[in-house]
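S.K.: First the structure, then my questions, so here it is.
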Amino acid sequence: MKRARNFSAGPAILPESVLEIVQKEMLSYRDSGMSVMEMSHRSSLFENIIEEAEQLLRELMGIPEGYKVLFLQGGASLQFAMAPMNLVKTGKVGYINTGSWAKKAISEAKILGVPHIDVLASSEGDGFTHIPEIPAVDEAYDYIHITTNNTIEGTAFQTIPRFVNAPIVADMSSNILSNLYDVNDFGLIYAGAQKNIGPAGLTIVIVKEDLIQTEKTLPSMLDYRTHIKNDSLYNTPPSFAIYVAKLVFEWLKDLGGVTEMVRQNEEKAGLLYRTIEESSIFTSPIAVDSRSITNIPFVTGDKDLDAKFVKEATNAGFLNLKGHRSVGGMRASIYNAFPYEGVKELTEFMKAFEAKEGKFK
Ligand SMILES: *Cc1c(COP(=O)(O)O)cnc(C)c1O
């Protein structure tokens with residue numbers, strides 16, 4: 001059996017050793033005679049899984065007391081709405097517009113009728129090729145929303161801004177556990193699991209409990225307090241996805257935690273960026289000081305040549321390298337589970353393609 005070099009942006013590659021454990025435990029989890037998929041979410045076996053998953057995530061990210069960890073559904077996209085629903089108090093919120101996902105977050109706040117939405121910085125005018133300069137903000141905001149890593153565009157905040165009178169809400173879908181963050185810098189972190197954590201269907205929310213507004217009545221499922229009160233077991237959670245996430249957390253911890261992941265990711269990204277820089281046909285559309293280490297776009301500047309590269313790469317077993325339909329070109333998503341060896345093979349393939357296609361730059 002041959003595993004593909006899978007550069008998918010999400011759902012994305014998972015650690016092979018995790019998939020092997022899942023396979024081994026598929027028919028009978030710990031002699032229970034059933035798969036985790038078939039198990040009551042109220043059983044002690046599953047309660048242990050969800051508790052361990054939370055414990056491991058707390059350990060890996062250094063999540064302080066006062067922050068709740070929730071295992072929800074609805075994707076990061078539902079958090080675009082749930083965050084304002086649960087956190088808005090005065091009605092004044094701020095957003096940093098760094099890409100397609102940030103725009104969707106802003107758009108959901110508008111749909112909800114949040115009365116005062118300030119876009120405090122934006123790089124849209126430059127095609128989102130860099131993280132804009134973040135102004136000093138002294139005014140009070142219920143929160144200021146950022147997207148730590150822009151999956152589609154390939155940019156990432158290199159430092160987390162600090163605002164004196166506003167907590168930060170962060171969409172961390174594509175670099176949670178890939179970059180080292182201090183959870184204390186955030187009021188709320190959310191992430192769809194399918195990029196860097198586990199299967200689709202699970203959304204992680206880490207929320208500072210005292211920021212949640214208590215005056216509002218929300219539908220139960222949209223109210224963080226419901227899920228806090230019930231330890232994410234108010235209704236049936238995405239139990240299998242939580243189980244796989246737990247295995248990924250164990251894998252990550254065994255490898256040396258987030259610090260080791262950052263080291264490996266920088267090594268992988270460094271190799272790919274170096275290859276792009278030294279290339280005579282590939283370029284990076286992204287400003288050097290804004291580059292993501294998990295999602296790396298590159299282009300030849302010629303649509304037909306891009307298409308040719310993607311086609312030949314696919315035939316050679318490098319899958320899902322086509323850039324997002326909104327930006328074109330190529331994009332390599334190299335999350336935690338993507339092996340160094342696979343990046344090395346890609347760079348060798350790129351060099352061979354370049355030698356064959358001649359010099360264009
Ligand atoms: C993928 C992604 C989303 C959307 O996630 P869903 O789980 O599909 O809703 C939102 N934000 C970012 C940064 C993403 O990468």
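Every chain in the structure tokens takes a letter, A first, then B, and so on in the order presented; its residues are numbered from 1, and the ligands are numbered from 1 following the presented order.
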Taking 3 positions as the minimum chain separation for residues in the same chain, which residues sit within 6 Å of region 106-112 of chain A when counting only C-alpha atoms? Answer as a list in words.

M.R.: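 Once the nearby chain positions are removed, what remains is Phe80, Ala81 and Lys103 of chain A.
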
S.K.: Go ahead and write the selection's residues with N, CA, C and O atoms as a PDB file, in the first residue's frame.

M.R.:
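Result file out.pdb:
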ATOM      1  N   PHE A  80     -17.769  31.914  13.375  1.00  0.00           N
ATOM      2  CA  PHE A  80     -17.857  33.291  12.871  1.00  0.00           C
ATOM      3  C   PHE A  80     -19.092  33.968  13.467  1.00  0.00           C
ATOM      4  O   PHE A  80     -19.114  35.171  13.701  1.00  0.00           O
ATOM      5  N   ALA A  81     -20.143  33.180  13.711  1.00  0.00           N
ATOM      6  CA  ALA A  81     -21.380  33.726  14.289  1.00  0.00           C
ATOM      7  C   ALA A  81     -21.436  33.526  15.802  1.00  0.00           C
ATOM      8  O   ALA A  81     -21.856  34.416  16.545  1.00  0.00           O
ATOM      9  N   LYS A 103     -12.875  37.722   5.892  1.00  0.00           N
ATOM     10  CA  LYS A 103     -14.022  38.407   5.288  1.00  0.00           C
ATOM     11  C   LYS A 103     -15.329  37.708   5.646  1.00  0.00           C
ATOM     12  O   LYS A 103     -16.348  38.353   5.904  1.00  0.00           O
TER      13      LYS A 103
END

S.K.: Counting only C-alpha atoms and all ligand atoms, what are the residues of chain A within 9 Å of ligand 1, and for each of them which pair of atoms is the nearest and at what distance in Å, to one decimal? Sort the table by chain and rising number, as JSON lines.

M.R.:
{"residue": "A:Ala9", "atom": "CA", "partner": "ligand 1", "partner_atom_place_in_ligand_line": "1 (C)", "distance": 7.8}
{"residue": "A:Gly10", "atom": "CA", "partner": "ligand 1", "partner_atom_place_in_ligand_line": "1 (C)", "distance": 6.6}
{"residue": "A:Pro11", "atom": "CA", "partner": "ligand 1", "partner_atom_place_in_ligand_line": "1 (C)", "distance": 8.5}
{"residue": "A:Gln73", "atom": "CA", "partner": "ligand 1", "partner_atom_place_in_ligand_line": "7 (O)", "distance": 8.6}
{"residue": "A:Gly74", "atom": "CA", "partner": "ligand 1", "partner_atom_place_in_ligand_line": "9 (O)", "distance": 6.5}
{"residue": "A:Gly75", "atom": "CA", "partner": "ligand 1", "partner_atom_place_in_ligand_line": "7 (O)", "distance": 3.3}
{"residue": "A:Ala76", "atom": "CA", "partner": "ligand 1", "partner_atom_place_in_ligand_line": "9 (O)", "distance": 3.9}
{"residue": "A:Ser77", "atom": "CA", "partner": "ligand 1", "partner_atom_place_in_ligand_line": "9 (O)", "distance": 3.6}
{"residue": "A:Leu78", "atom": "CA", "partner": "ligand 1", "partner_atom_place_in_ligand_line": "9 (O)", "distance": 6.4}
{"residue": "A:Gln79", "atom": "CA", "partner": "ligand 1", "partner_atom_place_in_ligand_line": "9 (O)", "distance": 8.0}
{"residue": "A:Phe80", "atom": "CA", "partner": "ligand 1", "partner_atom_place_in_ligand_line": "10 (C)", "distance": 8.3}
{"residue": "A:Gly99", "atom": "CA", "partner": "ligand 1", "partner_atom_place_in_ligand_line": "13 (C)", "distance": 8.7}
{"residue": "A:Ser100", "atom": "CA", "partner": "ligand 1", "partner_atom_place_in_ligand_line": "11 (N)", "distance": 8.3}
{"residue": "A:Trp101", "atom": "CA", "partner": "ligand 1", "partner_atom_place_in_ligand_line": "11 (N)", "distance": 5.0}
{"residue": "A:Ala102", "atom": "CA", "partner": "ligand 1", "partner_atom_place_in_ligand_line": "11 (N)", "distance": 7.3}
{"residue": "A:Lys104", "atom": "CA", "partner": "ligand 1", "partner_atom_place_in_ligand_line": "10 (C)", "distance": 8.3}
{"residue": "A:Ala105", "atom": "CA", "partner": "ligand 1", "partner_atom_place_in_ligand_line": "10 (C)", "distance": 8.3}
{"residue": "A:Thr147", "atom": "CA", "partner": "ligand 1", "partner_atom_place_in_ligand_line": "13 (C)", "distance": 6.0}
{"residue": "A:Thr148", "atom": "CA", "partner": "ligand 1", "partner_atom_place_in_ligand_line": "13 (C)", "distance": 7.5}
{"residue": "A:Asn149", "atom": "CA", "partner": "ligand 1", "partner_atom_place_in_ligand_line": "13 (C)", "distance": 6.1}
{"residue": "A:Asn150", "atom": "CA", "partner": "ligand 1", "partner_atom_place_in_ligand_line": "13 (C)", "distance": 5.4}
{"residue": "A:Thr151", "atom": "CA", "partner": "ligand 1", "partner_atom_place_in_ligand_line": "15 (O)", "distance": 4.7}
{"residue": "A:Ile152", "atom": "CA", "partner": "ligand 1", "partner_atom_place_in_ligand_line": "15 (O)", "distance": 7.2}
{"residue": "A:Asp171", "atom": "CA", "partner": "ligand 1", "partner_atom_place_in_ligand_line": "13 (C)", "distance": 5.7}
{"residue": "A:Met172", "atom": "CA", "partner": "ligand 1", "partner_atom_place_in_ligand_line": "13 (C)", "distance": 6.0}
{"residue": "A:Ser173", "atom": "CA", "partner": "ligand 1", "partner_atom_place_in_ligand_line": "13 (C)", "distance": 4.7}
{"residue": "A:Ser174", "atom": "CA", "partner": "ligand 1", "partner_atom_place_in_ligand_line": "15 (O)", "distance": 4.8}
{"residue": "A:Asn175", "atom": "CA", "partner": "ligand 1", "partner_atom_place_in_ligand_line": "13 (C)", "distance": 8.3}
{"residue": "A:Tyr190", "atom": "CA", "partner": "ligand 1", "partner_atom_place_in_ligand_line": "11 (N)", "distance": 8.9}
{"residue": "A:Ala191", "atom": "CA", "partner": "ligand 1", "partner_atom_place_in_ligand_line": "7 (O)", "distance": 7.2}
{"residue": "A:Gly192", "atom": "CA", "partner": "ligand 1", "partner_atom_place_in_ligand_line": "7 (O)", "distance": 4.2}
{"residue": "A:Ala193", "atom": "CA", "partner": "ligand 1", "partner_atom_place_in_ligand_line": "7 (O)", "distance": 7.1}
{"residue": "A:Gln194", "atom": "CA", "partner": "ligand 1", "partner_atom_place_in_ligand_line": "7 (O)", "distance": 7.0}
{"residue": "A:Lys195", "atom": "CA", "partner": "ligand 1", "partner_atom_place_in_ligand_line": "1 (C)", "distance": 7.1}
{"residue": "A:Ala200", "atom": "CA", "partner": "ligand 1", "partner_atom_place_in_ligand_line": "7 (O)", "distance": 7.2}
{"residue": "A:Gly201", "atom": "CA", "partner": "ligand 1", "partner_atom_place_in_ligand_line": "7 (O)", "distance": 7.5}
{"residue": "A:Leu202", "atom": "CA", "partner": "ligand 1", "partner_atom_place_in_ligand_line": "7 (O)", "distance": 7.9}
{"residue": "A:Thr203", "atom": "CA", "partner": "ligand 1", "partner_atom_place_in_ligand_line": "7 (O)", "distance": 6.8}

S.K.: Store the residues picked out above, limited to N, CA and C atoms, as a compact mmCIF listing (two decimals), in the first residue's frame.

M.R.:
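Result written to result_16.txt:
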# COMPACT_ATOMS: atom_id res chain seq x y z
N ALA A 9 -5.29 21.10 1.73
CA ALA A 9 -5.44 22.16 2.73
C ALA A 9 -6.44 21.78 3.81
N GLY A 10 -7.27 20.79 3.57
CA GLY A 10 -8.21 20.33 4.58
C GLY A 10 -9.49 19.82 3.97
N PRO A 11 -10.01 18.69 4.45
CA PRO A 11 -9.38 17.75 5.37
C PRO A 11 -7.99 17.36 4.88
N GLN A 73 -19.43 21.26 17.05
CA GLN A 73 -19.60 20.96 15.63
C GLN A 73 -19.90 22.27 14.88
N GLY A 74 -20.09 22.15 13.59
CA GLY A 74 -20.45 23.35 12.82
C GLY A 74 -19.26 24.04 12.17
N GLY A 75 -18.06 23.55 12.41
CA GLY A 75 -16.88 24.10 11.75
C GLY A 75 -16.49 25.47 12.30
N ALA A 76 -15.34 25.94 11.80
CA ALA A 76 -14.91 27.29 12.15
C ALA A 76 -15.97 28.28 11.67
N SER A 77 -16.64 27.93 10.59
CA SER A 77 -17.64 28.83 10.01
C SER A 77 -18.77 29.15 10.98
N LEU A 78 -19.16 28.21 11.82
CA LEU A 78 -20.21 28.52 12.80
C LEU A 78 -19.66 29.46 13.88
N GLN A 79 -18.37 29.35 14.17
CA GLN A 79 -17.78 30.25 15.17
C GLN A 79 -17.74 31.70 14.69
N PHE A 80 -17.77 31.91 13.37
CA PHE A 80 -17.86 33.29 12.87
C PHE A 80 -19.09 33.97 13.47
N GLY A 99 -7.90 38.13 4.72
CA GLY A 99 -8.14 37.10 3.70
C GLY A 99 -9.59 36.65 3.63
N SER A 100 -9.81 35.64 2.80
CA SER A 100 -11.18 35.15 2.55
C SER A 100 -11.90 34.74 3.82
N TRP A 101 -11.20 34.05 4.71
CA TRP A 101 -11.88 33.60 5.93
C TRP A 101 -12.19 34.76 6.85
N ALA A 102 -11.29 35.72 6.94
CA ALA A 102 -11.54 36.91 7.76
C ALA A 102 -12.77 37.65 7.23
N LYS A 104 -15.27 36.39 5.67
CA LYS A 104 -16.48 35.65 6.03
C LYS A 104 -16.84 35.90 7.49
N ALA A 105 -15.83 35.99 8.34
CA ALA A 105 -16.10 36.28 9.76
C ALA A 105 -16.77 37.65 9.90
N THR A 147 -7.22 36.41 12.14
CA THR A 147 -7.04 35.05 11.60
C THR A 147 -5.54 34.80 11.67
N THR A 148 -5.10 33.96 12.61
CA THR A 148 -3.65 33.83 12.84
C THR A 148 -2.91 33.35 11.60
N ASN A 149 -3.56 32.44 10.86
CA ASN A 149 -2.94 31.91 9.64
C ASN A 149 -3.99 31.89 8.53
N ASN A 150 -3.64 32.51 7.42
CA ASN A 150 -4.60 32.62 6.31
C ASN A 150 -4.34 31.49 5.31
N THR A 151 -5.14 30.48 5.46
CA THR A 151 -4.99 29.20 4.77
C THR A 151 -4.94 29.33 3.26
N ILE A 152 -5.79 30.18 2.73
CA ILE A 152 -5.93 30.32 1.28
C ILE A 152 -4.80 31.18 0.70
N ASP A 171 -9.23 33.06 14.91
CA ASP A 171 -9.49 31.88 14.08
C ASP A 171 -8.12 31.24 13.83
N MET A 172 -7.89 30.10 14.47
CA MET A 172 -6.58 29.43 14.41
C MET A 172 -6.69 28.11 13.65
N SER A 173 -7.69 28.04 12.76
CA SER A 173 -8.00 26.76 12.11
C SER A 173 -6.80 26.08 11.45
N SER A 174 -5.93 26.87 10.81
CA SER A 174 -4.89 26.21 10.02
C SER A 174 -3.50 26.29 10.64
N ASN A 175 -3.38 26.81 11.87
CA ASN A 175 -2.05 26.69 12.50
C ASN A 175 -2.10 26.45 14.00
N TYR A 190 -10.57 29.58 18.19
CA TYR A 190 -11.35 28.49 17.63
C TYR A 190 -10.65 27.91 16.41
N ALA A 191 -10.97 26.66 16.13
CA ALA A 191 -10.31 25.98 15.00
C ALA A 191 -11.13 24.78 14.56
N GLY A 192 -11.37 24.67 13.27
CA GLY A 192 -11.90 23.43 12.72
C GLY A 192 -10.79 22.39 12.83
N ALA A 193 -11.15 21.16 13.15
CA ALA A 193 -10.11 20.15 13.42
C ALA A 193 -9.46 19.59 12.16
N GLN A 194 -10.12 19.74 11.03
CA GLN A 194 -9.74 18.95 9.85
C GLN A 194 -8.44 19.38 9.18
N LYS A 195 -7.79 20.43 9.70
CA LYS A 195 -6.53 20.84 9.07
C LYS A 195 -5.34 20.29 9.83
N ALA A 200 -12.71 15.85 9.92
CA ALA A 200 -13.71 16.91 9.86
C ALA A 200 -14.87 16.57 10.79
N GLY A 201 -15.60 17.60 11.20
CA GLY A 201 -16.78 17.37 12.03
C GLY A 201 -16.59 17.85 13.45
N LEU A 202 -15.36 18.14 13.81
CA LEU A 202 -15.04 18.61 15.17
C LEU A 202 -14.49 20.04 15.10
N THR A 203 -14.97 20.88 15.98
CA THR A 203 -14.45 22.24 16.10
C THR A 203 -13.99 22.46 17.53

S.K.: Considering only C-alpha atoms, return as number ranges by chain whatever protein or nucleic-acid residues lie within 10 Å of Val262 (chain A), sequence-local ones (same chain, fewer than 5 positions apart) excluded.

M.R.: A: 177-180, 257, 267-268, 293, 336

S.K.: Using DSSP on the backbone coordinates, identify all residues within region 272-315 of chain A classified as alpha helix (DSSP H); present the result as an MDAnalysis selection string.

M.R.: chainID A and resid 272:278 303:315

S.K.: Keeping only C-alpha atoms, write the selected residues to a file as a PDB file, in the first residue's frame.

M.R.:
ATOM      1  CA  LEU A 272      10.311  24.793   0.314  1.00  0.00           C
ATOM      2  CA  TYR A 273      10.760  28.582   0.478  1.00  0.00           C
ATOM      3  CA  ARG A 274      14.479  28.219  -0.302  1.00  0.00           C
ATOM      4  CA  THR A 275      13.660  26.113  -3.330  1.00  0.00           C
ATOM      5  CA  ILE A 276      11.147  28.725  -4.519  1.00  0.00           C
ATOM      6  CA  GLU A 277      13.645  31.558  -3.986  1.00  0.00           C
ATOM      7  CA  GLU A 278      16.437  29.788  -5.824  1.00  0.00           C
ATOM      8  CA  LYS A 303      -1.487  29.922 -15.907  1.00  0.00           C
ATOM      9  CA  ASP A 304      -0.795  27.217 -18.488  1.00  0.00           C
ATOM     10  CA  LEU A 305       2.558  26.380 -16.950  1.00  0.00           C
ATOM     11  CA  ASP A 306       0.936  26.256 -13.488  1.00  0.00           C
ATOM     12  CA  ALA A 307      -1.641  23.819 -14.830  1.00  0.00           C
ATOM     13  CA  LYS A 308       1.075  21.744 -16.444  1.00  0.00           C
ATOM     14  CA  PHE A 309       3.024  21.597 -13.196  1.00  0.00           C
ATOM     15  CA  VAL A 310      -0.034  20.551 -11.187  1.00  0.00           C
ATOM     16  CA  LYS A 311      -0.875  17.871 -13.723  1.00  0.00           C
ATOM     17  CA  GLU A 312       2.619  16.403 -13.818  1.00  0.00           C
ATOM     18  CA  ALA A 313       2.970  16.630 -10.046  1.00  0.00           C
ATOM     19  CA  THR A 314      -0.311  14.782  -9.631  1.00  0.00           C
ATOM     20  CA  ASN A 315       0.873  12.049 -11.980  1.00  0.00           C
TER      21      ASN A 315
END

S.K.: To one decimal place in Å, what is the distance between CA of Thr155 (chain A) and CA of Asn295 (chain A)?

M.R.: 7.8 Å

S.K.: For a test of reading the model, state the distance in Å between CA of Val137 (chain A) and CA of Ala83 (chain A), rounded to one decimal.

M.R.: 20.5 Å

S.K.: Counting only C-alpha atoms, which residue out of A:Tyr181, A:Phe71, A:Tyr335, A:Tyr29 sits closest to Ser232 (chain A)?

M.R.: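 When distances to Ser232 (chain A) are compared using only C-alpha atoms, the smallest one comes from A:Phe71.
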
S.K.: Taking the DSSP secondary structure from the backbone, can you list the residues of region 173-310 of chain A that are strand (DSSP E or B), as a compact mmCIF listing (two decimals) with N, CA, C and O atoms, in the first residue's frame?

M.R.:
# COMPACT_ATOMS: atom_id res chain seq x y z
N LEU A 188 -10.49 34.26 23.04
CA LEU A 188 -11.16 33.11 22.44
C LEU A 188 -10.32 32.62 21.26
O LEU A 188 -9.83 33.41 20.46
N ILE A 189 -10.15 31.30 21.20
CA ILE A 189 -9.47 30.66 20.06
C ILE A 189 -10.43 29.63 19.51
O ILE A 189 -11.04 28.89 20.28
N TYR A 190 -10.57 29.58 18.19
CA TYR A 190 -11.35 28.49 17.63
C TYR A 190 -10.65 27.91 16.41
O TYR A 190 -9.85 28.58 15.76
N ALA A 191 -10.97 26.66 16.13
CA ALA A 191 -10.31 25.98 15.00
C ALA A 191 -11.13 24.78 14.56
O ALA A 191 -11.52 23.96 15.39
N GLY A 192 -11.37 24.67 13.27
CA GLY A 192 -11.90 23.43 12.72
C GLY A 192 -10.79 22.39 12.83
O GLY A 192 -9.63 22.70 12.62
N THR A 203 -14.97 20.88 15.98
CA THR A 203 -14.45 22.24 16.10
C THR A 203 -13.99 22.46 17.53
O THR A 203 -14.74 22.18 18.47
N ILE A 204 -12.77 22.94 17.68
CA ILE A 204 -12.23 23.21 19.02
C ILE A 204 -12.48 24.68 19.36
O ILE A 204 -12.22 25.56 18.53
N VAL A 205 -13.01 24.93 20.55
CA VAL A 205 -13.16 26.30 21.04
C VAL A 205 -12.48 26.39 22.40
O VAL A 205 -12.70 25.54 23.27
N ILE A 206 -11.61 27.40 22.54
CA ILE A 206 -10.95 27.65 23.82
C ILE A 206 -11.37 29.06 24.23
O ILE A 206 -11.03 30.02 23.54
N VAL A 207 -12.13 29.17 25.29
CA VAL A 207 -12.72 30.47 25.61
C VAL A 207 -12.47 30.86 27.06
O VAL A 207 -12.57 30.04 27.98
N LYS A 208 -12.10 32.12 27.24
CA LYS A 208 -11.92 32.67 28.59
C LYS A 208 -13.32 32.89 29.14
O LYS A 208 -14.08 33.71 28.62
N THR A 283 7.85 31.53 -8.12
CA THR A 283 8.00 32.63 -7.16
C THR A 283 6.92 32.52 -6.09
O THR A 283 5.89 31.87 -6.28
N ARG A 291 5.01 35.34 5.86
CA ARG A 291 4.81 33.98 5.35
C ARG A 291 4.31 32.97 6.39
O ARG A 291 4.79 32.93 7.52
N ASN A 295 0.88 26.80 5.11
CA ASN A 295 0.28 26.85 3.77
C ASN A 295 1.16 27.72 2.89
O ASN A 295 1.30 28.92 3.14
N ILE A 296 1.76 27.12 1.86
CA ILE A 296 2.77 27.82 1.09
C ILE A 296 2.39 27.87 -0.40
O ILE A 296 2.49 26.88 -1.11
N PRO A 297 1.90 29.05 -0.84
CA PRO A 297 1.56 29.18 -2.25
C PRO A 297 2.80 29.51 -3.09
O PRO A 297 3.74 30.11 -2.60
N PHE A 298 2.79 29.08 -4.32
CA PHE A 298 3.83 29.50 -5.29
C PHE A 298 3.25 29.47 -6.69
O PHE A 298 2.28 28.76 -6.96
N VAL A 299 3.84 30.30 -7.55
CA VAL A 299 3.31 30.45 -8.91
C VAL A 299 4.45 30.50 -9.93
O VAL A 299 5.59 30.79 -9.56

S.K.: So, counting only C-alpha atoms, which residue among A:Phe338, A:Leu321, A:Ser239, A:Leu255 is closest to Glu38 (chain A)?

M.R.: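 Among A:Phe338, A:Leu321, A:Ser239, A:Leu255, it is A:Ser239 that comes nearest to Glu38 (chain A).
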
S.K.: May I have the residues within 12 Å of Ala53 (chain A) as a list in words, using only C-alpha atoms and disregarding those fewer than 4 positions away in the same chain?

M.R.: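 Answer for this query is Phe46, Glu47, Asn48, Ile49, Leu57, Arg58, Glu59, Leu60, Val69, Leu70, Phe71, Ile197, Gly198, Ile204, Ser232, Ser239, Phe240, Ala241, Ile242, Tyr243, Val244, Ala245, Lys246, Leu247, Val248, Phe249, Glu250, Trp251 and Lys253 of chain A.
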
S.K.: Fewer than 4 positions away in the same chain doesn't count, so skip those; otherwise give me all residues within 12 Å of Asn230 (chain A), counting only C-alpha atoms, as JSON, numbers by chain.

M.R.: {"A": [42, 47, 68, 69, 70, 71, 72, 220, 221, 223, 224, 225, 226, 234, 235, 236, 237]}
